[in-house]
Each structure stands twice: as C-alpha cells, then as structure tokens.
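Undergrad: Just structure_3.txt, nothing more (compact mmCIF, C-alpha atoms):
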# COMPACT_ATOMS: atom_id res chain seq x y z
CA MET A 14 -2.71 51.19 0.61
CA ILE A 15 -1.32 47.72 1.25
CA GLU A 16 -2.19 46.50 4.73
CA GLU A 17 -0.16 43.58 6.09
CA THR A 18 -3.07 42.03 7.94
CA LYS A 19 -5.16 42.13 4.76
CA ILE A 20 -2.46 40.12 3.01
CA THR A 21 -2.56 37.63 5.86
CA GLU A 22 -6.35 37.40 5.70
CA LEU A 23 -6.34 36.76 1.95
CA ILE A 24 -3.73 34.01 2.24
CA VAL A 25 -5.30 32.20 5.18
CA ARG A 26 -8.93 32.49 4.03
CA ASN A 27 -8.14 31.32 0.49
CA ALA A 28 -5.97 28.41 1.66
CA VAL A 29 -8.47 27.24 4.27
CA ASP A 30 -11.34 27.41 1.76
CA ASP A 31 -9.33 25.22 -0.61
CA PHE A 32 -8.61 22.75 2.16
CA LEU A 33 -12.25 22.55 3.27
CA ASN A 34 -13.37 22.01 -0.32
CA ASN A 35 -11.15 18.94 -0.60
CA LEU A 36 -12.07 16.90 2.47
CA ASP A 37 -14.18 14.46 0.44
CA VAL A 38 -12.72 13.54 -2.94
CA ASP A 39 -12.72 10.79 -5.52
CA VAL A 40 -9.00 10.04 -5.30
CA VAL A 41 -6.15 10.94 -2.97
CA VAL A 42 -2.73 10.72 -4.60
CA ALA A 43 0.15 10.39 -2.14
CA GLY A 44 3.33 11.81 -3.63
CA GLY A 45 3.94 14.46 -6.27
CA GLY A 46 6.64 12.75 -8.30
CA PRO A 47 6.28 11.89 -12.00
CA ALA A 48 3.95 8.93 -11.39
CA GLY A 49 1.75 10.81 -8.95
CA LEU A 50 1.48 13.90 -11.14
CA THR A 51 0.59 11.76 -14.15
CA THR A 52 -2.04 9.75 -12.28
CA ALA A 53 -3.63 12.88 -10.86
CA ARG A 54 -3.65 14.71 -14.19
CA TYR A 55 -5.42 11.95 -16.11
CA LEU A 56 -8.01 11.48 -13.37
CA ALA A 57 -8.72 15.20 -13.19
CA LYS A 58 -8.94 15.36 -16.97
CA ALA A 59 -11.70 12.74 -16.68
CA LYS A 60 -13.52 15.15 -14.34
CA LYS A 61 -12.75 13.29 -11.12
CA LYS A 62 -12.05 15.22 -7.93
CA VAL A 63 -8.39 14.63 -7.13
CA VAL A 64 -6.20 15.91 -4.34
CA LEU A 65 -2.44 15.33 -4.27
CA PHE A 66 -0.46 15.52 -1.05
CA GLU A 67 3.30 16.07 -1.26
CA ARG A 68 5.31 15.89 1.95
CA LYS A 69 8.16 18.07 0.66
CA LEU A 70 8.19 21.77 -0.24
CA SER A 71 8.68 21.07 -3.94
CA ILE A 72 6.70 18.91 -6.35
CA GLY A 73 8.48 16.54 -8.73
CA GLY A 74 10.11 13.90 -6.57
CA GLY A 75 13.43 12.64 -7.91
CA MET A 76 12.83 14.04 -11.38
CA TRP A 77 14.24 17.47 -10.50
CA GLY A 78 17.74 16.10 -10.05
CA GLY A 79 17.88 14.18 -13.34
CA GLY A 80 20.83 11.82 -13.10
CA MET A 81 23.34 12.74 -10.39
CA MET A 82 22.21 16.40 -10.65
CA PHE A 83 22.72 16.53 -14.41
CA PRO A 84 19.22 17.92 -15.16
CA ARG A 85 18.25 15.46 -17.86
CA VAL A 86 16.03 12.37 -17.88
CA VAL A 87 15.77 9.53 -20.40
CA LEU A 88 12.52 8.06 -21.73
CA GLN A 89 11.38 5.29 -23.99
CA LYS A 90 8.39 5.26 -26.34
CA GLY A 91 5.20 5.60 -24.34
CA GLY A 92 6.72 7.82 -21.70
CA LYS A 93 7.81 10.52 -24.09
CA GLU A 94 4.28 10.82 -25.51
CA ILE A 95 2.97 11.51 -22.01
CA LEU A 96 5.52 14.30 -21.59
CA GLU A 97 4.67 15.72 -24.99
CA GLU A 98 1.04 16.05 -23.86
CA CYS A 99 2.45 18.53 -21.33
CA ASP A 100 4.40 20.34 -24.11
CA VAL A 101 7.77 19.02 -22.94
CA LYS A 102 10.38 18.91 -25.71
CA CYS A 103 11.96 15.46 -26.12
CA LYS A 104 15.15 14.91 -28.15
CA LYS A 105 15.54 11.54 -29.83
CA SER A 106 18.76 9.57 -29.50
CA GLY A 107 18.64 6.09 -31.02
CA GLY A 108 15.59 4.32 -29.62
CA LEU A 109 15.38 6.59 -26.58
CA TRP A 110 14.55 10.23 -25.86
CA VAL A 111 16.11 12.77 -23.51
CA ALA A 112 14.34 15.69 -21.85
CA ASP A 113 15.23 18.55 -19.52
CA SER A 114 14.19 17.46 -16.02
CA ILE A 115 13.35 21.01 -14.89
CA GLU A 116 11.13 21.54 -17.92
CA CYS A 117 9.48 18.17 -17.21
CA VAL A 118 8.53 18.95 -13.62
CA THR A 119 7.36 22.51 -14.18
CA LYS A 120 5.22 21.70 -17.21
CA MET A 121 3.79 18.49 -15.75
CA THR A 122 2.81 20.36 -12.59
CA ALA A 123 1.26 23.23 -14.52
CA LYS A 124 -0.69 20.85 -16.75
CA ALA A 125 -1.99 18.90 -13.75
CA ILE A 126 -3.18 22.11 -12.09
CA ASP A 127 -4.79 23.28 -15.33
CA GLU A 128 -6.73 19.99 -15.50
CA GLY A 129 -8.07 20.55 -11.99
CA VAL A 130 -5.70 18.71 -9.65
CA LYS A 131 -5.56 20.31 -6.20
CA ILE A 132 -2.03 20.08 -4.81
CA PHE A 133 -1.10 20.54 -1.15
CA ASN A 134 2.63 20.53 -0.40
CA LEU A 135 4.32 20.17 2.99
CA VAL A 136 1.62 17.68 4.02
CA SER A 137 2.49 14.15 5.12
CA ILE A 138 0.19 11.13 5.22
CA GLU A 139 0.68 9.44 8.55
CA ASP A 140 -2.15 6.90 8.47
CA VAL A 141 -5.00 5.53 6.37
CA ILE A 142 -8.74 5.36 7.05
CA ILE A 143 -10.11 1.80 6.98
CA ARG A 144 -13.76 0.84 6.88
CA ASN A 145 -15.79 -2.29 6.16
CA ASN A 146 -15.66 -3.29 2.51
CA GLU A 147 -19.28 -3.16 1.40
CA ASP A 148 -18.40 -5.01 -1.83
CA ASN A 149 -17.30 -8.05 0.17
CA LYS A 150 -19.71 -8.09 3.10
CA ASN A 151 -21.91 -10.82 1.63
CA ASN A 152 -19.10 -12.93 0.22
CA LYS A 153 -17.52 -15.16 2.88
CA ASN A 154 -14.86 -16.41 0.47
CA ARG A 155 -13.34 -12.98 -0.04
CA LYS A 156 -10.50 -12.39 2.39
CA ASN A 157 -10.53 -8.59 2.46
CA LYS A 158 -13.39 -7.44 4.67
CA THR A 159 -12.03 -3.90 4.85
CA LYS A 160 -11.22 -1.14 2.38
CA ILE A 161 -8.96 1.89 2.34
CA CYS A 162 -11.22 4.91 2.05
CA GLY A 163 -9.13 7.93 2.99
CA VAL A 164 -5.99 9.24 4.61
CA VAL A 165 -4.87 10.88 7.84
CA ILE A 166 -2.68 13.93 7.33
CA ASN A 167 -0.47 16.33 9.23
CA TRP A 168 2.00 19.06 8.42
CA THR A 169 5.42 17.66 7.53
CA ALA A 170 6.95 20.21 9.90
CA VAL A 171 4.97 18.69 12.78
CA GLN A 172 6.45 15.29 12.03
CA MET A 173 9.96 16.66 11.62
CA ALA A 174 9.76 18.45 14.96
CA ASN A 175 8.26 15.36 16.61
CA LEU A 176 5.43 17.44 18.05
CA HIS A 177 2.44 15.80 19.70
CA VAL A 178 -0.20 17.35 17.42
CA ASP A 179 -3.26 15.38 16.37
CA PRO A 180 -3.82 14.96 12.62
CA LEU A 181 -6.83 15.60 10.36
CA SER A 182 -8.46 13.36 7.76
CA VAL A 183 -9.57 13.31 4.13
CA LYS A 184 -12.15 10.91 2.74
CA SER A 185 -11.75 9.32 -0.70
CA LYS A 186 -13.00 6.46 -2.84
CA PHE A 187 -9.43 5.42 -3.68
CA VAL A 188 -5.88 6.15 -2.54
CA VAL A 189 -2.83 5.97 -4.80
CA ASP A 190 0.58 5.23 -3.29
CA ALA A 191 2.98 7.18 -5.48
CA THR A 192 5.50 7.79 -2.71
CA GLY A 193 8.42 6.37 -4.69
CA HIS A 194 11.14 4.15 -3.30
CA GLU A 195 9.71 4.20 0.23
CA ALA A 196 6.20 2.97 -0.69
CA SER A 197 5.21 4.53 2.61
CA ILE A 198 1.43 4.19 2.23
CA SER A 199 1.72 0.50 1.42
CA HIS A 200 3.85 0.06 4.54
CA LEU A 201 1.11 1.76 6.56
CA VAL A 202 -1.52 -0.60 5.19
CA VAL A 203 0.54 -3.70 5.97
CA LYS A 204 1.06 -2.41 9.49
CA LYS A 205 -2.67 -1.88 10.01
CA VAL A 206 -4.28 -4.84 8.21
CA GLY A 207 -1.46 -7.36 8.14
CA ASN A 208 -1.06 -7.97 4.43
CA LEU A 209 -1.51 -6.73 0.90
CA ASN A 210 -3.16 -8.65 -1.93
CA THR A 211 0.21 -9.70 -3.31
CA LYS A 212 1.95 -13.05 -3.32
CA THR A 213 3.91 -12.28 -0.16
CA GLY A 214 1.48 -9.79 1.34
CA ASP A 215 4.35 -7.51 2.32
CA VAL A 216 6.39 -4.63 0.91
CA LEU A 217 9.55 -6.35 -0.32
CA GLY A 218 11.60 -3.25 -1.13
CA GLU A 219 13.34 -2.45 -4.37
CA ARG A 220 16.38 -4.35 -5.61
CA SER A 221 19.58 -2.97 -7.11
CA MET A 222 19.67 -0.98 -10.32
CA TRP A 223 18.78 -2.79 -13.54
CA ALA A 224 17.13 -0.27 -15.83
CA GLU A 225 15.79 -2.66 -18.45
CA LYS A 226 14.20 -5.07 -15.98
CA GLY A 227 12.91 -2.32 -13.70
CA GLU A 228 11.22 -0.64 -16.66
CA SER A 229 9.74 -3.89 -17.95
CA ASP A 230 8.40 -4.94 -14.51
CA ILE A 231 6.80 -1.69 -13.45
CA MET A 232 3.66 -1.96 -15.58
CA GLY A 233 2.92 -5.47 -14.31
CA ASN A 234 3.46 -4.30 -10.72
CA THR A 235 1.11 -1.34 -11.13
CA GLY A 236 -2.38 -1.92 -9.79
CA GLU A 237 -4.65 -2.39 -6.77
CA VAL A 238 -2.75 -4.09 -3.94
CA TYR A 239 -5.51 -3.82 -1.34
CA PRO A 240 -9.15 -2.77 -1.73
CA GLY A 241 -9.05 0.97 -2.29
CA LEU A 242 -5.23 1.19 -2.50
CA PHE A 243 -3.35 1.38 -5.80
CA VAL A 244 0.41 1.57 -6.32
CA SER A 245 2.18 3.37 -9.14
CA GLY A 246 5.71 4.34 -10.11
CA MET A 247 8.62 3.23 -7.98
CA ALA A 248 6.23 2.43 -5.12
CA ALA A 249 4.91 -0.42 -7.30
CA ASN A 250 8.39 -1.84 -7.83
CA ALA A 251 9.19 -1.44 -4.13
CA VAL A 252 6.07 -3.38 -3.12
CA TYR A 253 6.87 -6.28 -5.43
CA GLY A 254 10.63 -6.31 -4.89
CA SER A 255 11.60 -5.36 -8.43
CA GLU A 256 14.70 -3.52 -9.57
CA ARG A 257 15.19 0.24 -9.56
CA MET A 258 15.95 1.90 -12.89
CA GLY A 259 17.76 5.16 -12.21
CA ALA A 260 17.18 8.25 -14.34
CA ILE A 261 14.96 6.65 -16.99
CA PHE A 262 11.42 7.83 -16.31
CA GLY A 263 9.16 6.44 -19.03
CA GLY A 264 7.98 3.51 -16.96
CA MET A 265 6.99 5.76 -14.07
CA LEU A 266 4.93 7.98 -16.36
CA MET A 267 3.22 5.02 -18.02
CA SER A 268 2.57 3.46 -14.61
CA GLY A 269 0.84 6.66 -13.52
CA LYS A 270 -1.34 6.62 -16.61
CA LYS A 271 -2.22 2.95 -16.09
CA VAL A 272 -3.36 3.56 -12.51
CA SER A 273 -5.68 6.33 -13.68
CA GLU A 274 -7.20 3.97 -16.25
CA LEU A 275 -7.71 1.22 -13.66
CA ILE A 276 -9.39 3.60 -11.23
CA LEU A 277 -11.64 5.07 -13.90
CA LYS A 278 -12.98 1.57 -14.59
CA LYS A 279 -13.99 1.19 -10.93
CA ILE A 280 -15.03 4.65 -9.84
In structure tokens, how does this file's structure come out?
TA:
Amino acid sequence: MIEETKITELIVRNAVDDFLNNLDVDVVVAGGGPAGLTTARYLAKAKKKVVLFERKLSIGGGMWGGGMMFPRVVLQKGGKEILEECDVKCKKSGGLWVADSIECVTKMTAKAIDEGVKIFNLVSIEDVIIRNNEDNKNNKNRKNKTKICGVVINWTAVQMANLHVDPLSVKSKFVVDATGHEASISHLVVKKVGNLNTKTGDVLGERSMWAEKGESDIMGNTGEVYPGLFVSGMAANAVYGSERMGAIFGGMLMSGKKVSELILKKI
C-alpha cells in the first residue's frame, strides 16, 4: 500500500539529511551553468566536498538555449575535451566544434553528480560570511584583513515573493562566483568590504559581444579576486569588464577547470 504521508516523510527526511550534511564544505559554487558545473566536478573528482547552489529550477545556465534557442553550442580546442570527458559528442567544423546544448547540460550535470557534487536548486545566495583572515593577521602590509568563508542562503521563492524570512548559512573554505553575466557574488563582496583585489576594485560589467576577445580574456580574468572568493566563467569577464562571447562555450568550460586547479593548490 502506498501511503501519501509516507511519501512526504521520505522526501522531507532525505532532503533535510542532505542539507544538514552539507553545512560545512570545502567549496561552495554559486551558479550551475557550464563554468560552475565544471569547477564543481573537478573539485569533487579530487575528493573535495563541494556544494553547488543554483537559484533557478534548472541547472545549466544559458547553455540550455544554445544560440537564440537553436540548441547548439560552439567550442574551441580545450573546451571540447572537457565536454568529451562527460561523453558529449562534438562535431568538428573547421577549427571549431559544435555540440548539442541539451546533451551538454544533461551529461555535464550527471557527471558532476557521479563525481560527488551535491546540487541544491531553487536556492539563492543573498550574502557572504566574512571573518578575519588568519593568513594576513601578522602582516601589516597586506590590505585584506578579512576572508570570505561561506555564504548566506534562502529559497529563491522567498526572494521572489519579497517575504521577510531570515536566511541560513553554509560554511566553506572557498566560494566560487559562477553566477554568469550578473557576477552577483562579487557584487555582494564589493558592497560588504568595499573593493576586490582587482585594478579597479569594482565589478565593471561585461562589454558588448566580441567572441574572439571574450574567449581570449576569460582565462586571464579567472582567479581569486578577494581572499576566499574566486570568479569563473562569464562572472570573471563581468568583474574585469571584458567582452561577452555569445554561444561559444569553450572558454567558460576551461575557466571552470582553471578555478578548480587554483583552489586545489590552496586547499
């Protein structure tokens, strides 16, 4: 006999147990687009405890829609190898490759979960946790006396309804801003501490579309922009004021991989 309340109990108990088991992690990844999924997968593959928060119902960011809802994405060498690790089929055309965007998202998500990434959708990050930076406490010449060491979360539906509901928190060694064009976590940090460790100290916002330059800049923009906070994917280009690139995704995938490598050197 199937009892409705038993179904409810199984869902709630299992979900709450998962949530409680991920309150203290190695890395929080904000955003489940191609860069965030890639970052999380490589970190989990290296046996780090990783939780990914996606504010929307679906994972995949802008990759689902391909280019103007034609469900295809373009990649260059480097990006296509990352997709092939997830068993995505890539078709060569000249010096570029094309892949089915729906296949990309579904297989990247499945591979990330298989590696151990814990994904929570419909959760928004509304603030960051800031503490004294123990690495800098004895160095008066270092300007950053604080470090990002976690996030403050709430249900996306609570934010959408503008309800006065207090949030909860998750502790982490590092936070990755993979929120795409908005670079929302980086904006939060600037608001709270005044500046990032960039030339301007601010989030400049992305420029107009220039695929070649956007792709070439993204790897240089990828990295730690404040103690404990890394940027990857389009969030990196938005922070540094670089161009957007449209439906070519190789740079975003390679940026995600680079962030995982940088974190693994520090963790």
Undergrad: Choose the residue, out of A:Ser245, A:Asn134, A:Ser185, A:Thr213, that has the smallest atom-to-atom separation from Trp168 of chain A; count only C-alpha atoms.
TA: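 When distances to Trp168 of chain A are compared using only C-alpha atoms, the smallest one comes from A:Asn134.
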Undergrad: Counting only C-alpha atoms, which residues have an atom no more than 12 Å from (-15.2, 16.5, -12.6) in the file's coordinates? Please list them as a list in words.
TA: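 Residues satisfying the cut-off, written out: Val38, Asp39, Val40, Arg54, Tyr55, Leu56, Ala57, Lys58, Ala59, Lys60, Lys61, Lys62, Val63, Glu128, Gly129 and Val130 of chain A.
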Undergrad: Put those residues in a file: C-alpha atoms, as a PDB file, in the frame of the given file.
TA:
ATOM      1  CA  VAL A  38     -12.720  13.540  -2.940  1.00  0.00           C
ATOM      2  CA  ASP A  39     -12.720  10.790  -5.520  1.00  0.00           C
ATOM      3  CA  VAL A  40      -9.000  10.040  -5.300  1.00  0.00           C
ATOM      4  CA  ARG A  54      -3.650  14.710 -14.190  1.00  0.00           C
ATOM      5  CA  TYR A  55      -5.420  11.950 -16.110  1.00  0.00           C
ATOM      6  CA  LEU A  56      -8.010  11.480 -13.370  1.00  0.00           C
ATOM      7  CA  ALA A  57      -8.720  15.200 -13.190  1.00  0.00           C
ATOM      8  CA  LYS A  58      -8.940  15.360 -16.970  1.00  0.00           C
ATOM      9  CA  ALA A  59     -11.700  12.740 -16.680  1.00  0.00           C
ATOM     10  CA  LYS A  60     -13.520  15.150 -14.340  1.00  0.00           C
ATOM     11  CA  LYS A  61     -12.750  13.290 -11.120  1.00  0.00           C
ATOM     12  CA  LYS A  62     -12.050  15.220  -7.930  1.00  0.00           C
ATOM     13  CA  VAL A  63      -8.390  14.630  -7.130  1.00  0.00           C
ATOM     14  CA  GLU A 128      -6.730  19.990 -15.500  1.00  0.00           C
ATOM     15  CA  GLY A 129      -8.070  20.550 -11.990  1.00  0.00           C
ATOM     16  CA  VAL A 130      -5.700  18.710  -9.650  1.00  0.00           C
TER      17      VAL A 130
END
Undergrad: Pick the closest to Pro47 of chain A from A:Trp110, A:Phe187, A:Phe262, A:Trp223: which is it, counting only C-alpha atoms?
TA: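 The answer is A:Phe262, which sits nearest to Pro47 of chain A.
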Undergrad: Please compute the atom CA of Asp179 of chain A-atom CA of Phe66 of chain A distance, one decimal, in Å.
TA: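 According to the coordinates, atom CA of Asp179 of chain A and atom CA of Phe66 of chain A are separated by 17.6 Å.
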Undergrad: Please measure the separation of atom CA of Asn208 of chain A and atom CA of Asn145 of chain A, giving the value in Å to one decimal.
TA: 15.9 Å
Undergrad: Counting all atoms listed in the file, which of A:Gly78, A:Ile161, A:Ile72, A:Ala125 gets nearest to Glu98 of chain A?
TA: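 Of A:Gly78, A:Ile161, A:Ile72, A:Ala125, the one nearest Glu98 of chain A is A:Ala125, counting all atoms listed in the file.
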Undergrad: List the spatial neighbours of Lys105 of chain A as an NGL selection string - criterion: any atom at most 10 Å away, only C-alpha atoms, same-chain residues fewer than 4 positions off excluded.
TA: :A and (87-89 or 93 or 109-112)
Undergrad: When distances are computed from only C-alpha atoms, which of A:Leu266, A:Leu96, A:Ile261, A:Ile142 shows the smallest separation from Gly79 of chain A?
TA: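 Counting only C-alpha atoms, the residue closest to Gly79 of chain A is A:Ile261.
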Undergrad: Which distance in Å separates atom CA of Asp148 of chain A and atom CA of Val238 of chain A, to one decimal?
TA: 15.8 Å
Undergrad: Tell me which protein, DNA and RNA residues are within 12 Å of Leu242 of chain A, counting all atoms listed in the file, leaving out same-chain ones fewer than 6 positions away, and put them as an mmCIF file with C-alpha atoms, in the frame of the given file.
TA:
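Now in result_4.cif:
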data_model
loop_
_atom_site.group_PDB
_atom_site.id
_atom_site.type_symbol
_atom_site.label_atom_id
_atom_site.label_comp_id
_atom_site.auth_asym_id
_atom_site.auth_seq_id
_atom_site.Cartn_x
_atom_site.Cartn_y
_atom_site.Cartn_z
ATOM 1 C CA VAL A 40 -9.000 10.040 -5.300
ATOM 2 C CA VAL A 41 -6.150 10.940 -2.970
ATOM 3 C CA VAL A 42 -2.730 10.720 -4.600
ATOM 4 C CA ALA A 43 0.150 10.390 -2.140
ATOM 5 C CA VAL A 141 -5.000 5.530 6.370
ATOM 6 C CA ILE A 142 -8.740 5.360 7.050
ATOM 7 C CA ILE A 143 -10.110 1.800 6.980
ATOM 8 C CA THR A 159 -12.030 -3.900 4.850
ATOM 9 C CA LYS A 160 -11.220 -1.140 2.380
ATOM 10 C CA ILE A 161 -8.960 1.890 2.340
ATOM 11 C CA CYS A 162 -11.220 4.910 2.050
ATOM 12 C CA GLY A 163 -9.130 7.930 2.990
ATOM 13 C CA VAL A 164 -5.990 9.240 4.610
ATOM 14 C CA SER A 185 -11.750 9.320 -0.700
ATOM 15 C CA LYS A 186 -13.000 6.460 -2.840
ATOM 16 C CA PHE A 187 -9.430 5.420 -3.680
ATOM 17 C CA VAL A 188 -5.880 6.150 -2.540
ATOM 18 C CA VAL A 189 -2.830 5.970 -4.800
ATOM 19 C CA ASP A 190 0.580 5.230 -3.290
ATOM 20 C CA ALA A 191 2.980 7.180 -5.480
ATOM 21 C CA ALA A 196 6.200 2.970 -0.690
ATOM 22 C CA ILE A 198 1.430 4.190 2.230
ATOM 23 C CA SER A 199 1.720 0.500 1.420
ATOM 24 C CA HIS A 200 3.850 0.060 4.540
ATOM 25 C CA LEU A 201 1.110 1.760 6.560
ATOM 26 C CA VAL A 202 -1.520 -0.600 5.190
ATOM 27 C CA VAL A 203 0.540 -3.700 5.970
ATOM 28 C CA LEU A 209 -1.510 -6.730 0.900
ATOM 29 C CA ASN A 210 -3.160 -8.650 -1.930
ATOM 30 C CA THR A 235 1.110 -1.340 -11.130
ATOM 31 C CA GLY A 236 -2.380 -1.920 -9.790
ATOM 32 C CA ALA A 248 6.230 2.430 -5.120
ATOM 33 C CA ALA A 249 4.910 -0.420 -7.300
ATOM 34 C CA VAL A 272 -3.360 3.560 -12.510
ATOM 35 C CA LEU A 275 -7.710 1.220 -13.660
ATOM 36 C CA ILE A 276 -9.390 3.600 -11.230
#
Undergrad: Restricting the calculation to all atoms listed in the file, which member of A:Ile15, A:Asp230, A:Lys212, A:Val171 is positioned closest to Glu256 of chain A?
TA: A:Asp230
Undergrad: Model the absent atoms of segment 62-80 of chain A so that N, CA and C atoms are present, and write the result as a PDB file, in the frame of the given file.
TA:
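Output file selection.pdb is given in full below:
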ATOM      1  N   LYS A  62     -12.587  14.309  -8.939  1.00  0.00           N
ATOM      2  CA  LYS A  62     -12.050  15.220  -7.930  1.00  0.00           C
ATOM      3  C   LYS A  62     -10.817  14.588  -7.305  1.00  0.00           C
ATOM      4  N   VAL A  63      -9.675  15.221  -7.521  1.00  0.00           N
ATOM      5  CA  VAL A  63      -8.390  14.630  -7.130  1.00  0.00           C
ATOM      6  C   VAL A  63      -7.607  15.614  -6.268  1.00  0.00           C
ATOM      7  N   VAL A  64      -7.104  15.116  -5.160  1.00  0.00           N
ATOM      8  CA  VAL A  64      -6.200  15.910  -4.340  1.00  0.00           C
ATOM      9  C   VAL A  64      -4.875  15.164  -4.228  1.00  0.00           C
ATOM     10  N   LEU A  65      -3.786  15.904  -4.354  1.00  0.00           N
ATOM     11  CA  LEU A  65      -2.440  15.330  -4.270  1.00  0.00           C
ATOM     12  C   LEU A  65      -1.729  15.939  -3.074  1.00  0.00           C
ATOM     13  N   PHE A  66      -1.220  15.069  -2.208  1.00  0.00           N
ATOM     14  CA  PHE A  66      -0.460  15.520  -1.050  1.00  0.00           C
ATOM     15  C   PHE A  66       1.024  15.198  -1.262  1.00  0.00           C
ATOM     16  N   GLU A  67       1.857  16.221  -1.142  1.00  0.00           N
ATOM     17  CA  GLU A  67       3.300  16.070  -1.260  1.00  0.00           C
ATOM     18  C   GLU A  67       3.946  16.491   0.051  1.00  0.00           C
ATOM     19  N   ARG A  68       4.747  15.603   0.626  1.00  0.00           N
ATOM     20  CA  ARG A  68       5.310  15.890   1.950  1.00  0.00           C
ATOM     21  C   ARG A  68       6.419  16.935   1.911  1.00  0.00           C
ATOM     22  N   LYS A  69       7.060  17.111   0.756  1.00  0.00           N
ATOM     23  CA  LYS A  69       8.160  18.070   0.660  1.00  0.00           C
ATOM     24  C   LYS A  69       7.643  19.444   0.197  1.00  0.00           C
ATOM     25  N   LEU A  70       8.541  20.422   0.207  1.00  0.00           N
ATOM     26  CA  LEU A  70       8.190  21.770  -0.240  1.00  0.00           C
ATOM     27  C   LEU A  70       7.949  21.798  -1.745  1.00  0.00           C
ATOM     28  N   SER A  71       8.748  21.036  -2.479  1.00  0.00           N
ATOM     29  CA  SER A  71       8.680  21.070  -3.940  1.00  0.00           C
ATOM     30  C   SER A  71       8.002  19.824  -4.498  1.00  0.00           C
ATOM     31  N   ILE A  72       7.310  20.006  -5.610  1.00  0.00           N
ATOM     32  CA  ILE A  72       6.700  18.910  -6.350  1.00  0.00           C
ATOM     33  C   ILE A  72       7.730  18.359  -7.340  1.00  0.00           C
ATOM     34  N   GLY A  73       7.610  17.095  -7.702  1.00  0.00           N
ATOM     35  CA  GLY A  73       8.480  16.540  -8.730  1.00  0.00           C
ATOM     36  C   GLY A  73       9.292  15.340  -8.329  1.00  0.00           C
ATOM     37  N   GLY A  74       9.364  15.067  -7.028  1.00  0.00           N
ATOM     38  CA  GLY A  74      10.110  13.900  -6.570  1.00  0.00           C
ATOM     39  C   GLY A  74      11.555  13.927  -7.033  1.00  0.00           C
ATOM     40  N   GLY A  75      12.041  12.758  -7.476  1.00  0.00           N
ATOM     41  CA  GLY A  75      13.430  12.640  -7.910  1.00  0.00           C
ATOM     42  C   GLY A  75      13.691  13.148  -9.307  1.00  0.00           C
ATOM     43  N   MET A  76      12.650  13.605  -9.998  1.00  0.00           N
ATOM     44  CA  MET A  76      12.830  14.040 -11.380  1.00  0.00           C
ATOM     45  C   MET A  76      13.643  15.330 -11.483  1.00  0.00           C
ATOM     46  N   TRP A  77      13.502  16.202 -10.471  1.00  0.00           N
ATOM     47  CA  TRP A  77      14.240  17.470 -10.500  1.00  0.00           C
ATOM     48  C   TRP A  77      15.734  17.257 -10.735  1.00  0.00           C
ATOM     49  N   GLY A  78      16.290  16.272 -10.049  1.00  0.00           N
ATOM     50  CA  GLY A  78      17.740  16.100 -10.050  1.00  0.00           C
ATOM     51  C   GLY A  78      18.293  15.376 -11.260  1.00  0.00           C
ATOM     52  N   GLY A  79      17.398  14.920 -12.180  1.00  0.00           N
ATOM     53  CA  GLY A  79      17.880  14.180 -13.340  1.00  0.00           C
ATOM     54  C   GLY A  79      18.717  13.001 -12.897  1.00  0.00           C
ATOM     55  N   GLY A  80      19.891  12.854 -13.499  1.00  0.00           N
ATOM     56  CA  GLY A  80      20.830  11.820 -13.100  1.00  0.00           C
ATOM     57  C   GLY A  80      22.035  12.456 -12.435  1.00  0.00           C
TER      58      GLY A  80
END
